[in-house]
>>> print(open('entry-v6.txt').read())   # compact mmCIF, C-alpha atoms
# COMPACT_ATOMS: atom_id res chain seq x y z
CA MET B 1 -49.94 -13.87 -62.61
CA GLN B 2 -48.77 -12.94 -59.11
CA LEU B 3 -50.15 -14.56 -55.96
CA TYR B 4 -49.47 -13.15 -52.49
CA LEU B 5 -48.57 -15.69 -49.79
CA PRO B 6 -49.81 -14.39 -46.39
CA ILE B 7 -47.52 -16.50 -44.16
CA ALA B 8 -44.40 -16.30 -46.35
CA GLU B 9 -45.22 -12.61 -46.92
CA ILE B 10 -44.00 -12.57 -50.54
CA PRO B 11 -45.66 -12.57 -54.00
CA VAL B 12 -45.05 -15.56 -56.31
CA ASN B 13 -46.00 -16.61 -59.83
CA ILE B 14 -49.00 -18.93 -59.46
CA PHE B 15 -48.20 -20.89 -62.63
CA VAL B 16 -44.64 -21.62 -61.47
CA ILE B 17 -45.89 -22.90 -58.10
CA PHE B 18 -48.59 -25.00 -59.81
CA ALA B 19 -45.99 -26.51 -62.15
CA MET B 20 -43.74 -27.37 -59.20
CA GLY B 21 -46.58 -29.18 -57.48
CA GLY B 22 -47.49 -31.07 -60.66
CA ALA B 23 -43.92 -32.14 -61.40
CA VAL B 24 -43.29 -33.37 -57.86
CA GLY B 25 -46.67 -35.10 -57.78
CA PHE B 26 -45.69 -36.94 -60.96
CA LEU B 27 -42.45 -38.11 -59.31
CA SER B 28 -44.40 -39.15 -56.22
CA GLY B 29 -46.61 -41.50 -58.21
CA LEU B 30 -43.69 -42.72 -60.34
CA PHE B 31 -41.24 -43.61 -57.56
CA GLY B 32 -43.51 -44.18 -54.55
CA ILE B 33 -42.03 -41.19 -52.71
CA GLY B 34 -43.59 -38.21 -50.95
CA GLY B 35 -41.63 -35.80 -53.14
CA GLY B 36 -40.90 -33.35 -50.36
CA PHE B 37 -37.14 -33.86 -50.71
CA LEU B 38 -37.42 -32.20 -54.12
CA LEU B 39 -40.24 -29.71 -53.58
CA THR B 40 -38.89 -28.18 -50.36
CA PRO B 41 -35.56 -27.22 -52.00
CA LEU B 42 -37.39 -25.88 -55.07
CA LEU B 43 -39.46 -23.57 -52.88
CA ILE B 44 -36.41 -22.47 -50.91
CA PHE B 45 -34.50 -21.77 -54.14
CA SER B 46 -37.53 -19.72 -55.29
CA GLY B 47 -37.14 -17.38 -52.31
CA ILE B 48 -39.74 -18.80 -49.93
CA PRO B 49 -38.46 -18.93 -46.31
CA PRO B 50 -37.23 -22.43 -45.30
CA ALA B 51 -39.56 -22.65 -42.29
CA VAL B 52 -42.63 -21.96 -44.46
CA SER B 53 -41.36 -24.25 -47.22
CA VAL B 54 -40.84 -27.20 -44.88
CA ALA B 55 -44.17 -26.87 -43.07
CA THR B 56 -46.26 -26.20 -46.18
CA VAL B 57 -44.76 -28.99 -48.28
CA THR B 58 -46.21 -31.55 -45.86
CA THR B 59 -49.67 -30.61 -47.16
CA GLN B 60 -48.64 -31.19 -50.79
CA VAL B 61 -47.11 -34.54 -49.86
CA VAL B 62 -50.46 -35.52 -48.32
CA ALA B 63 -52.37 -34.57 -51.46
CA SER B 64 -50.08 -36.23 -54.00
CA SER B 65 -49.71 -39.35 -51.84
CA ALA B 66 -53.48 -39.67 -51.41
CA SER B 67 -53.99 -39.48 -55.16
CA ALA B 68 -51.38 -42.17 -55.84
CA VAL B 69 -52.55 -44.38 -52.94
CA MET B 70 -55.98 -44.69 -54.56
CA THR B 71 -54.37 -46.17 -57.66
CA TYR B 72 -52.35 -48.73 -55.69
CA TRP B 73 -55.34 -49.52 -53.47
CA ARG B 74 -57.38 -50.54 -56.51
CA ARG B 75 -54.50 -52.84 -57.55
CA LYS B 76 -54.41 -54.40 -54.05
CA ALA B 77 -50.72 -53.49 -53.83
CA ILE B 78 -50.72 -52.24 -50.21
CA ASP B 79 -49.86 -54.20 -47.05
CA LEU B 80 -52.22 -52.48 -44.59
CA LYS B 81 -50.83 -54.19 -41.48
CA LEU B 82 -47.25 -53.24 -42.31
CA ALA B 83 -48.29 -49.69 -43.26
CA THR B 84 -50.23 -49.26 -39.99
CA ILE B 85 -47.24 -50.18 -37.82
CA LEU B 86 -44.99 -47.90 -39.88
CA LEU B 87 -47.59 -45.17 -39.39
CA ALA B 88 -47.62 -45.58 -35.58
CA GLY B 89 -43.88 -44.96 -35.52
CA GLY B 90 -44.26 -42.13 -38.02
CA VAL B 91 -46.73 -40.17 -35.91
CA PHE B 92 -44.45 -40.42 -32.87
CA GLY B 93 -41.45 -39.29 -34.94
CA SER B 94 -43.44 -36.37 -36.33
CA LEU B 95 -44.30 -35.14 -32.85
CA ILE B 96 -40.63 -35.18 -31.80
CA GLY B 97 -39.69 -33.46 -35.07
CA VAL B 98 -42.09 -30.56 -34.49
CA ILE B 99 -40.62 -29.97 -31.03
CA LEU B 100 -37.08 -29.81 -32.47
CA PHE B 101 -38.26 -27.65 -35.39
CA ASP B 102 -39.73 -25.12 -32.95
CA VAL B 103 -36.54 -25.05 -30.86
CA LEU B 104 -34.27 -24.54 -33.89
CA GLN B 105 -36.53 -21.79 -35.20
CA ALA B 106 -36.46 -20.03 -31.84
CA VAL B 107 -32.64 -19.97 -31.68
CA GLY B 108 -32.27 -18.94 -35.34
CA GLN B 109 -30.45 -22.07 -36.53
CA LEU B 110 -33.25 -23.69 -38.55
CA ASP B 111 -32.06 -22.64 -42.03
CA LEU B 112 -28.51 -23.89 -41.48
CA VAL B 113 -29.67 -27.23 -40.02
CA ILE B 114 -32.04 -27.80 -42.95
CA SER B 115 -29.31 -27.15 -45.53
CA LEU B 116 -26.68 -29.30 -43.80
CA SER B 117 -29.18 -32.11 -43.29
CA TYR B 118 -30.17 -32.12 -46.95
CA VAL B 119 -26.55 -32.29 -48.09
CA THR B 120 -25.79 -35.17 -45.69
CA PHE B 121 -28.89 -37.30 -46.19
CA LEU B 122 -29.36 -36.78 -49.90
CA GLY B 123 -25.67 -37.24 -50.67
CA THR B 124 -25.47 -40.49 -48.70
CA ILE B 125 -28.75 -42.05 -49.82
CA GLY B 126 -28.35 -40.90 -53.43
CA GLY B 127 -24.80 -42.24 -53.64
CA LEU B 128 -25.77 -45.66 -52.31
CA MET B 129 -28.79 -45.90 -54.60
CA LEU B 130 -26.75 -44.82 -57.63
CA PHE B 131 -24.06 -47.44 -56.93
CA GLU B 132 -26.63 -50.22 -56.50
CA SER B 133 -28.74 -49.32 -59.54
CA VAL B 134 -25.74 -48.94 -61.88
CA ARG B 135 -24.39 -52.30 -60.70
CA ALA B 136 -27.75 -53.96 -61.31
CA ILE B 137 -28.03 -52.49 -64.82
CA ARG B 138 -24.48 -53.56 -65.72
CA ARG B 139 -25.05 -57.11 -64.48
CA ARG B 140 -28.30 -57.35 -66.41
CA LYS B 141 -26.60 -56.21 -69.64
CA LEU B 142 -23.83 -58.77 -69.11
CA GLY B 143 -26.44 -61.48 -68.74
CA ALA B 144 -25.76 -62.02 -65.05
CA ALA B 145 -28.68 -60.23 -63.45
CA PRO B 146 -28.83 -60.71 -59.68
CA LYS B 147 -31.33 -63.19 -58.34
CA ALA B 148 -34.49 -61.68 -56.97
CA ARG B 149 -34.49 -61.45 -53.21
CA LYS B 150 -37.14 -63.74 -51.81
CA PRO B 151 -39.33 -62.68 -48.89
CA GLY B 152 -38.21 -65.76 -46.96
CA GLN B 153 -34.53 -64.88 -46.99
CA HIS B 154 -33.19 -63.73 -43.60
CA ASN B 155 -30.71 -61.14 -42.35
CA TRP B 156 -29.83 -59.88 -38.85
CA ILE B 157 -33.07 -57.90 -38.61
CA HIS B 158 -35.09 -61.11 -38.81
CA GLY B 159 -33.40 -62.32 -35.62
CA LEU B 160 -34.89 -59.55 -33.46
CA PRO B 161 -37.71 -60.32 -30.96
CA LEU B 162 -41.39 -59.28 -31.02
CA LYS B 163 -42.05 -60.81 -34.42
CA VAL B 164 -45.28 -60.23 -36.33
CA ARG B 165 -46.54 -61.96 -39.46
CA PHE B 166 -47.36 -59.73 -42.45
CA ARG B 167 -49.31 -62.03 -44.75
CA ARG B 168 -49.66 -59.62 -47.67
CA SER B 169 -45.88 -59.12 -47.84
CA LYS B 170 -45.17 -62.76 -46.85
CA LEU B 171 -42.96 -61.60 -43.98
CA TYR B 172 -42.42 -62.74 -40.40
CA VAL B 173 -40.29 -60.02 -38.83
CA SER B 174 -39.84 -58.03 -35.61
CA VAL B 175 -41.89 -54.85 -35.20
CA ILE B 176 -38.85 -53.06 -33.71
CA PRO B 177 -37.20 -52.12 -37.04
CA VAL B 178 -40.62 -51.40 -38.56
CA VAL B 179 -41.55 -48.90 -35.83
CA GLY B 180 -38.02 -47.45 -35.87
CA LEU B 181 -38.14 -46.94 -39.63
CA GLY B 182 -41.55 -45.25 -39.42
CA ALA B 183 -40.38 -42.97 -36.58
CA SER B 184 -37.25 -41.95 -38.51
CA ILE B 185 -39.29 -41.06 -41.60
CA GLY B 186 -41.82 -39.10 -39.53
CA PHE B 187 -39.07 -37.17 -37.73
CA LEU B 188 -37.19 -36.26 -40.92
CA GLY B 189 -40.42 -35.42 -42.70
CA THR B 190 -41.39 -32.89 -40.06
CA VAL B 191 -37.96 -31.28 -39.69
CA LEU B 192 -36.98 -31.26 -43.38
CA GLY B 193 -40.34 -31.29 -45.17
CA ILE B 194 -39.68 -34.64 -46.90
CA GLY B 195 -42.05 -37.54 -47.30
CA GLY B 196 -39.13 -39.89 -46.79
CA GLY B 197 -40.08 -42.29 -49.56
CA PHE B 198 -36.58 -42.12 -51.06
CA MET B 199 -35.40 -43.77 -47.81
CA MET B 200 -38.50 -45.82 -47.06
CA VAL B 201 -38.58 -47.67 -50.39
CA PRO B 202 -34.94 -48.91 -50.31
CA ALA B 203 -35.25 -49.81 -46.61
CA LEU B 204 -38.36 -51.92 -47.16
CA ILE B 205 -36.75 -53.70 -50.11
CA TYR B 206 -33.23 -54.30 -48.82
CA LEU B 207 -33.68 -54.49 -45.03
CA LEU B 208 -37.12 -56.01 -44.52
CA ARG B 209 -37.21 -57.80 -47.91
CA VAL B 210 -40.73 -56.61 -48.76
CA PRO B 211 -41.71 -57.73 -52.30
CA THR B 212 -41.21 -54.94 -54.85
CA ASN B 213 -44.81 -55.02 -56.06
CA ILE B 214 -46.00 -54.17 -52.52
CA VAL B 215 -43.37 -51.60 -51.56
CA ILE B 216 -44.51 -48.47 -53.42
CA GLY B 217 -48.17 -48.61 -52.38
CA THR B 218 -47.29 -49.42 -48.75
CA SER B 219 -44.73 -46.62 -48.64
CA LEU B 220 -47.19 -44.09 -50.02
CA PHE B 221 -49.90 -45.17 -47.56
CA GLN B 222 -47.59 -44.62 -44.60
CA ILE B 223 -46.32 -41.32 -45.99
CA LEU B 224 -49.89 -40.10 -46.53
CA PHE B 225 -50.94 -40.35 -42.89
CA THR B 226 -47.56 -39.49 -41.37
CA MET B 227 -47.42 -36.23 -43.33
CA ALA B 228 -51.05 -35.52 -42.44
CA ALA B 229 -50.02 -35.71 -38.78
CA ALA B 230 -47.00 -33.49 -39.48
CA THR B 231 -49.27 -30.91 -41.15
CA ILE B 232 -51.53 -30.81 -38.09
CA PHE B 233 -48.57 -30.52 -35.71
CA HIS B 234 -47.05 -27.68 -37.75
CA SER B 235 -50.39 -25.85 -37.99
CA MET B 236 -50.93 -26.00 -34.25
CA GLY B 237 -47.31 -25.66 -33.12
CA THR B 238 -45.00 -23.71 -35.42
CA LYS B 239 -47.84 -21.96 -37.33
CA THR B 240 -45.78 -21.82 -40.54
CA VAL B 241 -48.21 -23.54 -42.93
CA ASP B 242 -49.18 -21.15 -45.75
CA ILE B 243 -52.63 -22.29 -46.89
CA VAL B 244 -52.55 -20.33 -50.16
CA LEU B 245 -49.24 -21.89 -51.15
CA ALA B 246 -50.45 -25.29 -49.94
CA MET B 247 -53.63 -25.26 -52.04
CA THR B 248 -51.75 -24.30 -55.21
CA LEU B 249 -49.20 -27.08 -54.68
CA MET B 250 -51.88 -29.63 -53.79
CA ILE B 251 -53.89 -29.12 -56.97
CA GLY B 252 -50.82 -29.57 -59.14
CA GLY B 253 -49.63 -32.53 -57.05
CA VAL B 254 -52.89 -34.48 -57.30
CA ILE B 255 -52.94 -34.18 -61.10
CA GLY B 256 -49.27 -35.08 -61.52
CA ALA B 257 -49.44 -38.10 -59.19
CA GLN B 258 -52.03 -39.84 -61.36
CA PHE B 259 -49.81 -39.66 -64.45
CA GLY B 260 -46.76 -40.78 -62.45
CA ALA B 261 -48.50 -43.83 -60.97
CA ARG B 262 -49.50 -44.99 -64.45
CA MET B 263 -46.08 -44.47 -66.02
CA GLY B 264 -44.30 -46.20 -63.14
CA GLN B 265 -45.72 -49.52 -64.26
CA ASN B 266 -43.82 -49.29 -67.57
CA LEU B 267 -40.29 -48.97 -66.12
CA ARG B 268 -38.04 -51.67 -64.65
CA GLY B 269 -37.02 -51.51 -61.00
CA ASP B 270 -33.34 -50.79 -61.75
CA GLN B 271 -34.30 -47.93 -64.08
CA LEU B 272 -36.57 -46.38 -61.45
CA ARG B 273 -33.83 -46.60 -58.80
CA LEU B 274 -31.26 -45.03 -61.14
CA LEU B 275 -33.51 -42.07 -62.00
CA LEU B 276 -34.40 -41.56 -58.34
CA ALA B 277 -30.72 -41.69 -57.33
CA LEU B 278 -29.80 -39.01 -59.87
CA LEU B 279 -32.62 -36.77 -58.59
CA VAL B 280 -31.54 -37.20 -54.97
CA LEU B 281 -27.89 -36.44 -55.76
CA GLY B 282 -28.81 -33.42 -57.88
CA VAL B 283 -30.79 -31.79 -55.08
CA GLY B 284 -28.08 -32.55 -52.52
CA LEU B 285 -25.43 -31.03 -54.81
CA ARG B 286 -27.45 -27.84 -55.20
CA PHE B 287 -27.65 -27.43 -51.42
CA ALA B 288 -23.90 -28.05 -51.12
CA VAL B 289 -23.18 -25.34 -53.70
CA ASP B 290 -25.40 -22.85 -51.85
CA LEU B 291 -23.57 -23.56 -48.59
CA LEU B 292 -20.19 -22.88 -50.23
CA LEU B 293 -21.19 -19.64 -51.98
CA VAL B 294 -20.75 -16.33 -50.16
CA PRO B 295 -24.23 -14.87 -49.44
CA GLU B 296 -25.19 -11.40 -50.69
CA ASP B 297 -25.99 -10.35 -47.13
CA LEU B 298 -23.34 -11.45 -44.65
CA TYR B 299 -25.55 -10.56 -41.68
CA SER B 300 -29.26 -10.87 -40.99
CA ILE B 301 -31.56 -9.66 -38.24
CA ALA B 302 -34.20 -11.94 -36.75
CA ILE B 303 -36.72 -11.46 -33.95
CA ARG B 304 -36.93 -14.38 -31.55
CA LYS B 305 -40.32 -15.73 -30.64
CA GLY B 306 -41.58 -14.28 -27.43
CA ALA B 307 -39.24 -11.26 -27.55
CA GLY B 308 -40.65 -8.12 -26.00
CA ALA B 309 -41.34 -4.90 -27.87
>>> encode(input="entry-v6.txt", output="structure tokens")
Amino acid sequence: MQLYLPIAEIPVNIFVIFAMGGAVGFLSGLFGIGGGFLLTPLLIFSGIPPAVSVATVTTQVVASSASAVMTYWRRKAIDLKLATILLAGGVFGSLIGVILFDVLQAVGQLDLVISLSYVTFLGTIGGLMLFESVRAIRRRKLGAAPKARKPGQHNWIHGLPLKVRFRRSKLYVSVIPVVGLGASIGFLGTVLGIGGGFMMVPALIYLLRVPTNIVIGTSLFQILFTMAAATIFHSMGTKTVDIVLAMTLMIGGVIGAQFGARMGQNLRGDQLRLLLALLVLGVGLRFAVDLLLVPEDLYSIAIRKGAGA
């Protein structure tokens, strides 16, 4: 069954798009991630223009995150104070991201920047996560599993000024890295169409030492509202949000997120990190391959915004 997308200006199979939204929603609930890092490439690989893919995916991230957040809210597994400060930084980062997105689109370099950014970020983050998760699994099998990191343990970040106490996470840490982390996720989410959970979750665990049982719900809460802001900014600024595509993805995402949130409770932390690392590396590798292949059309013609008739 074909569905015409008015902003992307192409017909697509509605069942394929629905399945994409459901699958990514499932991963969102399972790993505590927005899922945009996977869905945006899937849409691009399906022939949907990168600008439309990036802007529209923010709406699906909102829907799937909201569905999963309700599950973690009922379990009281969200640090609202920490999530609110992350959100403040995220909204600021999203605003800066939309400005850059509009500039890159105007000069015709948006597609290249998106592809190069995905290869760089996904390759780096995925590689680090894969190394850490494999090491943890090997040590557990050898009977020498690493000791759990306690919230009270300190690193250089805990020596920064402007400290705030987060009672739910049992942390006393500076707001500087918290705001900076939120701003980074908001910026990348707006420019690349990613929720940023695949970076947020490891950062909260390894840098801020947030307890694992609080991380996923807190991450999803911040992603929910940051991507909502990104959606509004894109709708008003770049005008590349395709509502028909968004609604199809959102319905699938909401359903999939519920199943993912339930299944996530049955897997160990090292197993979740290993699966997430493999996903991140797989998507990054696909982008790298596309950059190396010779395109069918060596030249393209684009009309800059504001160009006269």
>>> closest_residue(input="entry-v6.txt", among="B:Val119, B:Val103, B:Ala277, B:Ala261", to="Val289 of chain B", atoms="only C-alpha atoms")
B:Val119
>>> residues_around(input="entry-v6.txt", residues="Val178 of chain B", least_positions_apart="6", cutoff="10 Å", atoms="all atoms listed in the file", output="list in words")
Leu82, Ala83, Thr84, Ile85, Leu86, Leu87, Ala88, Gly89, Gly90, Ile157, Ala203, Leu204, Leu207 and Leu208 of chain B
>>> atom_distance(input="entry-v6.txt", atom1="atom CA of Ile176 of chain B", atom2="atom CA of Pro161 of chain B")
7.8 Å
>>> atom_distance(input="entry-v6.txt", atom1="atom CA of Leu220 of chain B", atom2="atom CA of Leu278 of chain B")
20.6 Å
>>> residues_around(input="entry-v6.txt", residues="Thr56 of chain B", least_positions_apart="6", cutoff="7 Å", atoms="all atoms listed in the file", output="list in words")
Val241, Asp242 and Ala246 of chain B
>>> atom_distance(input="entry-v6.txt", atom1="atom CA of Thr248 of chain B", atom2="atom CA of Ile99 of chain B")
27.2 Å
>>> closest_residue(input="entry-v6.txt", among="B:Gly97, B:Gly127, B:Gly253, B:Gly180", to="Leu39 of chain B", atoms="only C-alpha atoms")
B:Gly253
>>> residues_around(input="entry-v6.txt", residues="Ile10 of chain B", least_positions_apart="3", cutoff="10 Å", atoms="only C-alpha atoms", output="PDB file with C-alpha atoms, keeping the file's coordinate frame")
ATOM      1  CA  GLN B   2     -48.770 -12.940 -59.110  1.00  0.00           C
ATOM      2  CA  LEU B   3     -50.150 -14.560 -55.960  1.00  0.00           C
ATOM      3  CA  TYR B   4     -49.470 -13.150 -52.490  1.00  0.00           C
ATOM      4  CA  LEU B   5     -48.570 -15.690 -49.790  1.00  0.00           C
ATOM      5  CA  PRO B   6     -49.810 -14.390 -46.390  1.00  0.00           C
ATOM      6  CA  ILE B   7     -47.520 -16.500 -44.160  1.00  0.00           C
ATOM      7  CA  GLY B  47     -37.140 -17.380 -52.310  1.00  0.00           C
ATOM      8  CA  ILE B  48     -39.740 -18.800 -49.930  1.00  0.00           C
ATOM      9  CA  PRO B  49     -38.460 -18.930 -46.310  1.00  0.00           C
TER      10      PRO B  49
END
>>> closest_residue(input="entry-v6.txt", among="B:Leu276, B:Lys239, B:Pro50, B:Ala229", to="Val62 of chain B", atoms="all atoms listed in the file")
B:Ala229
>>> closest_residue(input="entry-v6.txt", among="B:Ser28, B:Ser115, B:Thr190, B:Gln222", to="Lys81 of chain B", atoms="all atoms listed in the file")
B:Gln222
>>> decode(input="entry-v6.txt", residues="segment 87-115 of chain B", atoms="C-alpha atoms", output="mmCIF file, in the first residue's frame")
data_model
loop_
_atom_site.group_PDB
_atom_site.id
_atom_site.type_symbol
_atom_site.label_atom_id
_atom_site.label_comp_id
_atom_site.auth_asym_id
_atom_site.auth_seq_id
_atom_site.Cartn_x
_atom_site.Cartn_y
_atom_site.Cartn_z
ATOM 1 C CA LEU B 87 16.632 19.272 29.606
ATOM 2 C CA ALA B 88 17.571 22.947 30.102
ATOM 3 C CA GLY B 89 20.871 22.312 28.344
ATOM 4 C CA GLY B 90 19.124 20.209 25.706
ATOM 5 C CA VAL B 91 16.707 22.953 24.674
ATOM 6 C CA PHE B 92 19.574 25.433 24.279
ATOM 7 C CA GLY B 93 21.561 22.916 22.224
ATOM 8 C CA SER B 94 18.534 22.225 20.024
ATOM 9 C CA LEU B 95 18.143 25.913 19.214
ATOM 10 C CA ILE B 96 21.796 26.188 18.143
ATOM 11 C CA GLY B 97 21.428 22.972 16.133
ATOM 12 C CA VAL B 98 18.460 24.287 14.140
ATOM 13 C CA ILE B 99 20.417 27.415 13.207
ATOM 14 C CA LEU B 100 23.343 25.319 11.920
ATOM 15 C CA PHE B 101 20.954 22.908 10.157
ATOM 16 C CA ASP B 102 19.367 25.817 8.276
ATOM 17 C CA VAL B 103 22.771 27.216 7.268
ATOM 18 C CA LEU B 104 24.062 23.849 6.002
ATOM 19 C CA GLN B 105 20.852 23.285 4.053
ATOM 20 C CA ALA B 106 21.129 26.712 2.446
ATOM 21 C CA VAL B 107 24.696 26.099 1.211
ATOM 22 C CA GLY B 108 23.925 22.558 0.018
ATOM 23 C CA GLN B 109 26.289 20.739 2.399
ATOM 24 C CA LEU B 110 23.731 19.180 4.748
ATOM 25 C CA ASP B 111 23.751 15.646 3.295
ATOM 26 C CA LEU B 112 27.544 15.353 3.395
ATOM 27 C CA VAL B 113 27.788 16.703 6.960
ATOM 28 C CA ILE B 114 25.113 14.270 8.168
ATOM 29 C CA SER B 115 26.879 11.264 6.634
#
